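Q: Just dropping this structure here.
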Amino acid sequence: MTSKNIPVNIKNKSIKETKEEINKILDKIEKGGTNLENHIDDYDTLLKLNKHMDDLFKKKLKEINSLGKKNAKK
């Protein structure tokens, strides 16, 4: 899955909001008691949220590395 496949409503979420949404879906699946075929949309959303979270962490890592390089030059 690429970042361009992620809908805008997910791309606009912060790390905290993304984590909360992931936990909400996981709780729904775990407590649902229905068969997993009924959760295909939830699973798809989880994949998109996971990719978005990965992208957010990569962005933060680049920011941290950039700050580290700037501080090392001082």
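Letters A, B, ... mark the chains of the structure tokens in the order given; residue numbers begin at 1 per chain; ligand numbers begin at 1, in order shown.
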Need to verify the contact set: stretch 43-48 of chain A, 9 Å, only C-alpha atoms, exclusion of same-chain residues closer than 6 positions in sequence. Can you return it as a PDB file with C-alpha atoms, in the first residue's frame?

A:
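Saved result, out_18.pdb, follows:
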ATOM      1  CA  MET A   1       0.000   0.000   0.000  1.00  0.00           C
ATOM      2  CA  SER A   3       0.680   6.707   0.831  1.00  0.00           C
ATOM      3  CA  ASN A   5      -3.952   5.149  -1.377  1.00  0.00           C
ATOM      4  CA  ILE A   6      -4.670   6.586   2.055  1.00  0.00           C
ATOM      5  CA  PRO A   7      -7.840   8.712   2.207  1.00  0.00           C
ATOM      6  CA  ILE A  10      -6.889   9.374   7.622  1.00  0.00           C
ATOM      7  CA  GLU A  21      -8.726   4.951  15.943  1.00  0.00           C
ATOM      8  CA  ILE A  22      -6.627   1.780  15.703  1.00  0.00           C
ATOM      9  CA  ILE A  25     -11.280  -0.779  15.739  1.00  0.00           C
ATOM     10  CA  LEU A  26      -9.284  -3.497  17.496  1.00  0.00           C
TER      11      LEU A  26
END

Q: From the set A:Asn65, A:Ala72, A:Met53, A:Gly32, which residue has the shortest atom-to-atom contact distance to A:Glu20, counting only C-alpha atoms?

A: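 So, comparing all the options, the nearest one is A:Met53.
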
Q: Name the closest residue to A:Lys24 among the candidates A:Ile40, A:Thr2, A:Leu49, A:Asn12; distances are taken between atoms, counting only C-alpha atoms.

A: A:Leu49

Q: Ranking A:Lys13, A:Lys4, A:Lys69, A:Thr18 by minimum distance to A:Asn50 and counting only C-alpha atoms, which one comes first?

A: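 Selected residue with least distance to A:Asn50: A:Thr18.
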
Q: Work out how far atom CA of A:Lys51 is from atom CA of A:Glu17, in Å to one decimal.

A: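 Straight-line distance from atom CA of A:Glu17 to atom CA of A:Lys51 works out to 13.9 Å.
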
Q: Which parts of chain A does DSSP call alpha helix (DSSP H) when run on the backbone here, written out as a ChimeraX atom specification?

A: /A:8-11,15-32,40-73

Q: Measuring atom to atom with only C-alpha atoms, identify which of A:Glu37, A:Asn71, A:Ile15, A:Lys31 is nearest to A:Lys59.

A: A:Ile15
